[in-house]
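Undergrad: Contents of my_file21.txt (compact mmCIF, C-alpha atoms):
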```
# COMPACT_ATOMS: atom_id res chain seq x y z
CA MET A 1 195.93 51.47 75.13
CA TYR A 2 198.26 49.69 77.58
CA ASN A 3 202.01 50.24 77.42
CA GLU A 4 203.13 48.36 80.52
CA LYS A 5 204.22 44.84 81.33
CA ILE A 6 202.78 42.78 84.15
CA HIS A 7 205.93 41.60 85.94
CA GLY A 8 206.12 38.34 87.82
CA GLU A 9 203.50 35.64 87.86
CA ASN A 10 200.10 37.24 87.61
CA SER A 11 196.54 36.87 86.38
CA GLU A 12 194.69 39.54 84.42
CA GLU A 13 191.18 39.83 83.04
CA PHE A 14 190.17 41.97 80.07
CA LEU A 15 186.84 42.77 78.46
CA LEU A 16 186.78 42.69 74.66
CA LYS A 17 184.05 45.15 73.76
CA GLY A 18 182.40 44.53 70.40
CA LEU A 19 183.69 40.99 69.87
CA ASN A 20 180.91 39.34 67.85
CA CYS A 21 182.88 36.84 65.75
CA PRO A 22 183.43 33.34 67.23
CA LYS A 23 186.12 32.55 64.66
CA CYS A 24 188.01 35.73 65.56
CA ALA A 25 187.72 34.87 69.25
CA ALA A 26 189.33 31.48 68.61
CA ARG A 27 192.18 33.16 66.68
CA ILE A 28 192.75 35.69 69.46
CA GLN A 29 192.94 32.95 72.08
CA LYS A 30 195.35 30.90 69.98
CA GLU A 31 197.72 33.79 69.21
CA VAL A 32 197.72 35.15 72.77
CA SER A 33 198.52 31.67 74.10
CA ASN A 34 201.64 31.64 71.86
CA LEU A 35 203.08 34.77 73.51
CA PRO A 36 206.16 34.18 75.70
CA GLY A 37 205.44 33.87 79.39
CA ILE A 38 201.78 32.94 78.96
CA LYS A 39 200.69 29.97 81.09
CA SER A 40 196.97 29.85 80.33
CA VAL A 41 194.43 31.77 78.25
CA ASN A 42 190.67 31.55 78.42
CA LEU A 43 188.51 33.67 76.14
CA ASP A 44 184.82 33.30 76.97
CA PHE A 45 183.00 34.41 73.82
CA ALA A 46 179.61 34.53 75.58
CA THR A 47 180.82 37.15 78.09
CA GLY A 48 183.64 38.67 76.03
CA LYS A 49 186.12 38.16 78.88
CA LEU A 50 189.75 37.29 78.26
CA LYS A 51 191.48 35.73 81.28
CA ILE A 52 195.27 35.41 81.16
CA SER A 53 197.85 34.10 83.60
CA GLY A 54 201.60 33.91 83.18
CA TYR A 55 205.00 35.51 83.77
CA ASP A 56 205.92 39.05 82.59
CA VAL A 57 202.80 39.37 80.44
CA ASP A 58 203.15 42.08 77.76
CA VAL A 59 199.73 43.73 77.76
CA LYS A 60 200.59 45.89 74.76
CA GLN A 61 201.24 42.76 72.70
CA ILE A 62 197.86 41.34 73.71
CA GLU A 63 196.07 44.47 72.58
CA LYS A 64 198.06 44.44 69.31
CA ILE A 65 196.91 40.88 68.59
CA VAL A 66 193.28 41.78 69.28
CA LYS A 67 193.46 44.89 67.07
CA ASN A 68 195.14 43.00 64.21
CA ILE A 69 192.39 40.39 64.19
CA GLU A 70 189.42 42.65 65.01
CA PRO A 71 190.27 46.38 64.65
CA SER A 72 186.87 47.51 65.92
CA VAL A 73 187.14 45.62 69.22
CA LYS A 74 187.97 47.70 72.30
CA VAL A 75 190.21 46.14 74.93
CA GLN A 76 189.32 47.19 78.47
CA ARG A 77 190.89 46.00 81.68
CA GLU A 78 188.24 44.65 84.03
CA THR A 79 187.81 47.21 86.79
CA LYS A 80 185.22 48.43 89.22
CA ASP A 81 186.49 52.01 89.03
CA PRO A 82 183.75 54.04 87.27
CA LYS A 83 186.34 56.48 85.94
CA GLU A 84 188.14 53.70 84.08
CA SER A 85 184.94 52.07 82.79
CA ASN A 86 183.46 55.33 81.47
CA GLU A 87 182.58 54.81 77.80
CA LEU A 88 181.66 58.43 77.02
CA SER A 89 185.28 59.42 76.41
CA THR A 90 185.67 56.78 73.70
CA GLN A 91 182.74 58.28 71.78
CA ARG A 92 183.95 61.89 71.88
CA PRO A 93 185.05 62.00 68.20
CA PHE A 94 181.67 60.64 67.12
CA ILE A 95 179.80 63.16 69.31
CA VAL A 96 181.89 66.03 67.92
CA GLY A 97 181.26 64.87 64.35
CA ALA A 98 177.52 64.48 64.97
CA LEU A 99 177.30 68.01 66.41
CA MET A 100 179.22 69.36 63.42
CA PHE A 101 176.77 67.59 61.12
CA ILE A 102 173.76 69.11 62.92
CA PHE A 103 175.42 72.54 62.60
CA SER A 104 176.10 71.94 58.90
CA ILE A 105 172.54 70.85 58.15
CA THR A 106 171.10 73.80 60.03
CA VAL A 107 173.36 76.47 58.51
CA PHE A 108 174.12 75.21 55.01
CA GLU A 109 170.97 73.39 53.92
CA PHE A 110 168.56 75.99 55.32
CA LYS A 111 170.87 78.76 54.02
CA LEU A 112 170.89 80.76 57.23
CA PHE A 113 174.23 82.30 56.23
CA ASP A 114 176.04 82.69 52.94
CA PHE A 115 179.22 80.58 53.03
CA PRO A 116 181.46 79.62 50.07
CA GLU A 117 181.14 76.11 48.69
CA TRP A 118 184.66 75.13 49.77
CA PHE A 119 183.88 75.97 53.40
CA ARG A 120 180.73 73.84 53.23
CA ALA A 121 182.73 70.91 51.83
CA VAL A 122 185.45 71.21 54.50
CA ILE A 123 182.96 71.20 57.40
CA TYR A 124 181.09 68.19 56.01
CA ILE A 125 184.33 66.24 55.38
CA LEU A 126 185.56 66.98 58.90
CA SER A 127 182.22 65.79 60.26
CA TYR A 128 182.55 62.64 58.14
CA LEU A 129 186.06 61.92 59.43
CA PHE A 130 185.08 62.44 63.07
CA THR A 131 182.04 60.15 62.85
CA GLY A 132 183.55 57.43 60.68
CA TRP A 133 187.26 57.29 61.50
CA GLU A 134 186.93 53.92 63.26
CA ILE A 135 185.15 52.36 60.28
CA LEU A 136 187.66 53.83 57.83
CA ARG A 137 190.59 52.56 59.91
CA ALA A 138 189.05 49.09 60.22
CA ALA A 139 188.51 48.95 56.44
CA ILE A 140 192.12 49.93 55.73
CA VAL A 141 193.53 47.43 58.25
CA ASN A 142 191.38 44.61 56.88
CA ILE A 143 192.44 45.43 53.30
CA THR A 144 196.11 45.15 54.29
CA LYS A 145 195.33 41.70 55.74
CA GLY A 146 193.49 40.58 52.60
CA GLN A 147 190.04 40.73 54.21
CA ILE A 148 188.41 43.12 51.77
CA PHE A 149 184.69 42.56 51.45
CA ASP A 150 183.33 43.22 54.92
CA GLU A 151 180.81 45.75 56.24
CA ASN A 152 183.53 48.34 56.94
CA PHE A 153 184.78 48.21 53.36
CA LEU A 154 181.27 48.44 51.92
CA MET A 155 180.38 51.42 54.15
CA THR A 156 183.62 53.15 53.15
CA VAL A 157 183.00 52.65 49.43
CA ALA A 158 179.39 53.87 49.67
CA THR A 159 180.17 56.99 51.69
CA VAL A 160 183.38 57.96 49.87
CA GLY A 161 181.45 57.62 46.60
CA ALA A 162 178.84 60.01 47.95
CA LEU A 163 181.59 62.49 48.87
CA PHE A 164 183.05 62.32 45.36
CA ILE A 165 179.73 63.26 43.80
CA LYS A 166 179.39 66.07 46.37
CA GLN A 167 176.48 64.51 48.24
CA PHE A 168 178.01 65.52 51.55
CA PRO A 169 174.93 65.33 53.82
CA GLU A 170 174.10 61.85 52.52
CA ALA A 171 177.63 60.56 53.13
CA VAL A 172 177.80 61.84 56.71
CA SER A 173 174.24 60.82 57.62
CA VAL A 174 174.78 57.25 56.36
CA MET A 175 177.94 56.98 58.46
CA ILE A 176 176.18 58.39 61.53
CA PHE A 177 173.19 56.04 61.24
CA TYR A 178 175.48 53.06 60.71
CA LYS A 179 177.53 53.99 63.75
CA ILE A 180 174.40 54.44 65.88
CA GLY A 181 173.20 51.01 64.75
CA GLU A 182 176.54 49.50 65.77
CA MET A 183 176.34 51.11 69.20
CA LEU A 184 172.79 49.84 69.75
CA GLN A 185 173.86 46.36 68.68
CA GLU A 186 176.82 46.51 71.09
CA LYS A 187 174.51 47.55 73.93
CA ALA A 188 172.16 44.65 73.17
CA VAL A 189 175.06 42.18 73.09
CA ASP A 190 176.40 43.58 76.38
CA ARG A 191 172.99 43.12 78.03
CA SER A 192 172.84 39.54 76.81
CA ARG A 193 176.33 38.87 78.14
CA ARG A 194 175.51 40.37 81.51
CA SER A 195 172.42 38.15 81.70
CA ILE A 196 174.59 35.12 80.93
CA GLU A 197 177.05 36.18 83.65
CA LYS A 198 174.22 36.45 86.19
CA LEU A 199 173.03 32.97 85.27
CA MET A 200 176.58 31.68 85.66
CA ASP A 201 176.81 33.28 89.10
CA ILE A 202 173.80 31.36 90.42
CA LYS A 203 175.02 27.98 89.25
CA PRO A 204 175.88 25.60 92.12
CA GLU A 205 179.55 25.12 92.88
CA TYR A 206 179.11 21.43 93.65
CA ALA A 207 176.45 18.74 93.68
CA ASN A 208 175.94 15.70 95.89
CA LEU A 209 175.41 12.41 94.15
CA LYS A 210 173.34 9.96 96.12
CA VAL A 211 173.81 6.35 95.08
CA TRP A 212 171.24 3.74 96.03
CA LYS A 213 172.63 0.24 96.42
CA TYR A 214 170.34 -2.72 95.89
CA ASN A 215 171.49 -6.08 97.13
CA LYS A 216 169.56 -8.94 95.58
CA THR A 217 169.14 -11.84 97.94
CA SER A 218 168.30 -15.22 96.57
CA SER A 219 166.47 -17.88 98.60
CA SER A 220 167.20 -21.55 98.03
CA LYS A 221 164.47 -24.09 98.21
```
Write out the structure in this file as structure tokens.
TA:
Amino acid sequence: MYNEKIHGENSEEFLLKGLNCPKCAARIQKEVSNLPGIKSVNLDFATGKLKISGYDVDVKQIEKIVKNIEPSVKVQRETKDPKESNELSTQRPFIVGALMFIFSITVFEFKLFDFPEWFRAVIYILSYLFTGWEILRAAIVNITKGQIFDENFLMTVATVGALFIKQFPEAVSVMIFYKIGEMLQEKAVDRSRRSIEKLMDIKPEYANLKVWKYNKTSSSK
């Protein structure tokens, strides 16, 4: 995503979209802090914000660490520019695949036109790849790291099995519904994090401590 270096002493803030694993967050913070030039790292799991300060920070290396630990997490630089924070572009492959699936269901299953079986299979497989490429990639990356039995691996096995037995609509629809569920979960987590941020914003910056002193006087008889 980012190919540049931040030269000189600087501070940067990133948003880790889809980070839902506290253990992974701790690993990311530890590995980023070991990068050369890093002075301080603070990863707030509640808000998903990664704050970094240091000299000549290699942003590409930071993203590589995040992707190696959590392939499904999206690294976004904190910005107020709506063009940079637009999430629609990141979902274009999924939207294309979903539209292809709707076309396939409409044309092939209702037999509006007579197409050969190979053409039907190709369109369904393309739709499957467009909608599930992130899950497939995450499963492959996790397998190479020895983390096999996660939800990405299980989804891949189930849907690829359906493709092998030529149940193409079932394979694509399962992937689409799973992806929609993930997006809804991400939206809910983002709302919760924004609520936490608002609560953090209203916290007082300082407090006055008032100490009452009591001097006990004794009277002698």
Undergrad: Give me, as a ChimeraX atom specification, all polymer residues having an atom no more than 6 Å from range 10-13 of chain A, counting only C-alpha atoms and skipping those fewer than 3 positions away in the same chain.
TA: /A:50-54,78
Undergrad: For C-alpha atoms, I'd like the residues from the last selection saved as an mmCIF file, keeping the file's coordinate frame.
TA:
```cif
data_model
loop_
_atom_site.group_PDB
_atom_site.id
_atom_site.type_symbol
_atom_site.label_atom_id
_atom_site.label_comp_id
_atom_site.auth_asym_id
_atom_site.auth_seq_id
_atom_site.Cartn_x
_atom_site.Cartn_y
_atom_site.Cartn_z
ATOM 1 C CA LEU A 50 189.750 37.290 78.260
ATOM 2 C CA LYS A 51 191.480 35.730 81.280
ATOM 3 C CA ILE A 52 195.270 35.410 81.160
ATOM 4 C CA SER A 53 197.850 34.100 83.600
ATOM 5 C CA GLY A 54 201.600 33.910 83.180
ATOM 6 C CA GLU A 78 188.240 44.650 84.030
#
```
Undergrad: Residues at most 6 Å from range 166-174 of chain A, counting all atoms listed in the file, excluding those fewer than 4 positions away in the same chain, as a ChimeraX atom specification?
TA: /A:128,159,162
Undergrad: With distances taken over all atoms listed in the file, which of A:Val189, A:Leu163, A:Val107, A:Ile202 is nearest to Leu126 in chain A?
TA: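 Once distances to Leu126 in chain A are computed over all atoms listed in the file, the minimum belongs to A:Leu163.
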Undergrad: What would the list of residues within 12 Å of (181.4, 48.8, 53.5) (file frame) look like as number ranges by chain, if all atoms listed in the file are what count?
TA: A: 132, 135-140, 142-143, 147-161, 174-175, 178
Undergrad: Just to be explicit: take each residue in the selection above, keep C-alpha atoms, and write the result as an mmCIF file, in the coordinates of the input.
TA:
```
data_model
loop_
_atom_site.group_PDB
_atom_site.id
_atom_site.type_symbol
_atom_site.label_atom_id
_atom_site.label_comp_id
_atom_site.auth_asym_id
_atom_site.auth_seq_id
_atom_site.Cartn_x
_atom_site.Cartn_y
_atom_site.Cartn_z
ATOM 1 C CA GLY A 132 183.550 57.430 60.680
ATOM 2 C CA ILE A 135 185.150 52.360 60.280
ATOM 3 C CA LEU A 136 187.660 53.830 57.830
ATOM 4 C CA ARG A 137 190.590 52.560 59.910
ATOM 5 C CA ALA A 138 189.050 49.090 60.220
ATOM 6 C CA ALA A 139 188.510 48.950 56.440
ATOM 7 C CA ILE A 140 192.120 49.930 55.730
ATOM 8 C CA ASN A 142 191.380 44.610 56.880
ATOM 9 C CA ILE A 143 192.440 45.430 53.300
ATOM 10 C CA GLN A 147 190.040 40.730 54.210
ATOM 11 C CA ILE A 148 188.410 43.120 51.770
ATOM 12 C CA PHE A 149 184.690 42.560 51.450
ATOM 13 C CA ASP A 150 183.330 43.220 54.920
ATOM 14 C CA GLU A 151 180.810 45.750 56.240
ATOM 15 C CA ASN A 152 183.530 48.340 56.940
ATOM 16 C CA PHE A 153 184.780 48.210 53.360
ATOM 17 C CA LEU A 154 181.270 48.440 51.920
ATOM 18 C CA MET A 155 180.380 51.420 54.150
ATOM 19 C CA THR A 156 183.620 53.150 53.150
ATOM 20 C CA VAL A 157 183.000 52.650 49.430
ATOM 21 C CA ALA A 158 179.390 53.870 49.670
ATOM 22 C CA THR A 159 180.170 56.990 51.690
ATOM 23 C CA VAL A 160 183.380 57.960 49.870
ATOM 24 C CA GLY A 161 181.450 57.620 46.600
ATOM 25 C CA VAL A 174 174.780 57.250 56.360
ATOM 26 C CA MET A 175 177.940 56.980 58.460
ATOM 27 C CA TYR A 178 175.480 53.060 60.710
#
```
Undergrad: From the list A:Lys111, A:Ala207, A:Pro36, A:Phe177, which residue is nearest Asp56 in chain A when using only C-alpha atoms?
TA: A:Pro36
Undergrad: Would you work out the distance separating CA of Ala98 in chain A from CA of Asp190 in chain A, expressed in Å to one decimal?
TA: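 Computing it gives 23.8 Å between the two atoms.
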Undergrad: By how many Å are CA of Gln185 in chain A and CA of Leu19 in chain A apart?
TA: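 Interatomic distance, CA of Gln185 in chain A to CA of Leu19 in chain A: 11.3 Å.
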Undergrad: Please indicate the distance in Å from CA of Asn20 in chain A to CA of Glu186 in chain A, rounded to one decimal place.
TA: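 Taking CA of Asn20 in chain A and CA of Glu186 in chain A, their separation equals 8.9 Å.
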Undergrad: Of the candidates A:Trp133, A:Phe45, A:Trp118, A:Phe101, which one gets nearest to Cys21 in chain A if we count all atoms listed in the file?
TA: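 Ranked by minimum distance to Cys21 in chain A, first place goes to A:Phe45.
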Undergrad: Between A:Val122, A:Ile62, A:Val141, A:Ala46, single out the one closest to Arg191 in chain A, counting all atoms listed in the file.
TA: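 Nearest to Arg191 in chain A: A:Ala46.
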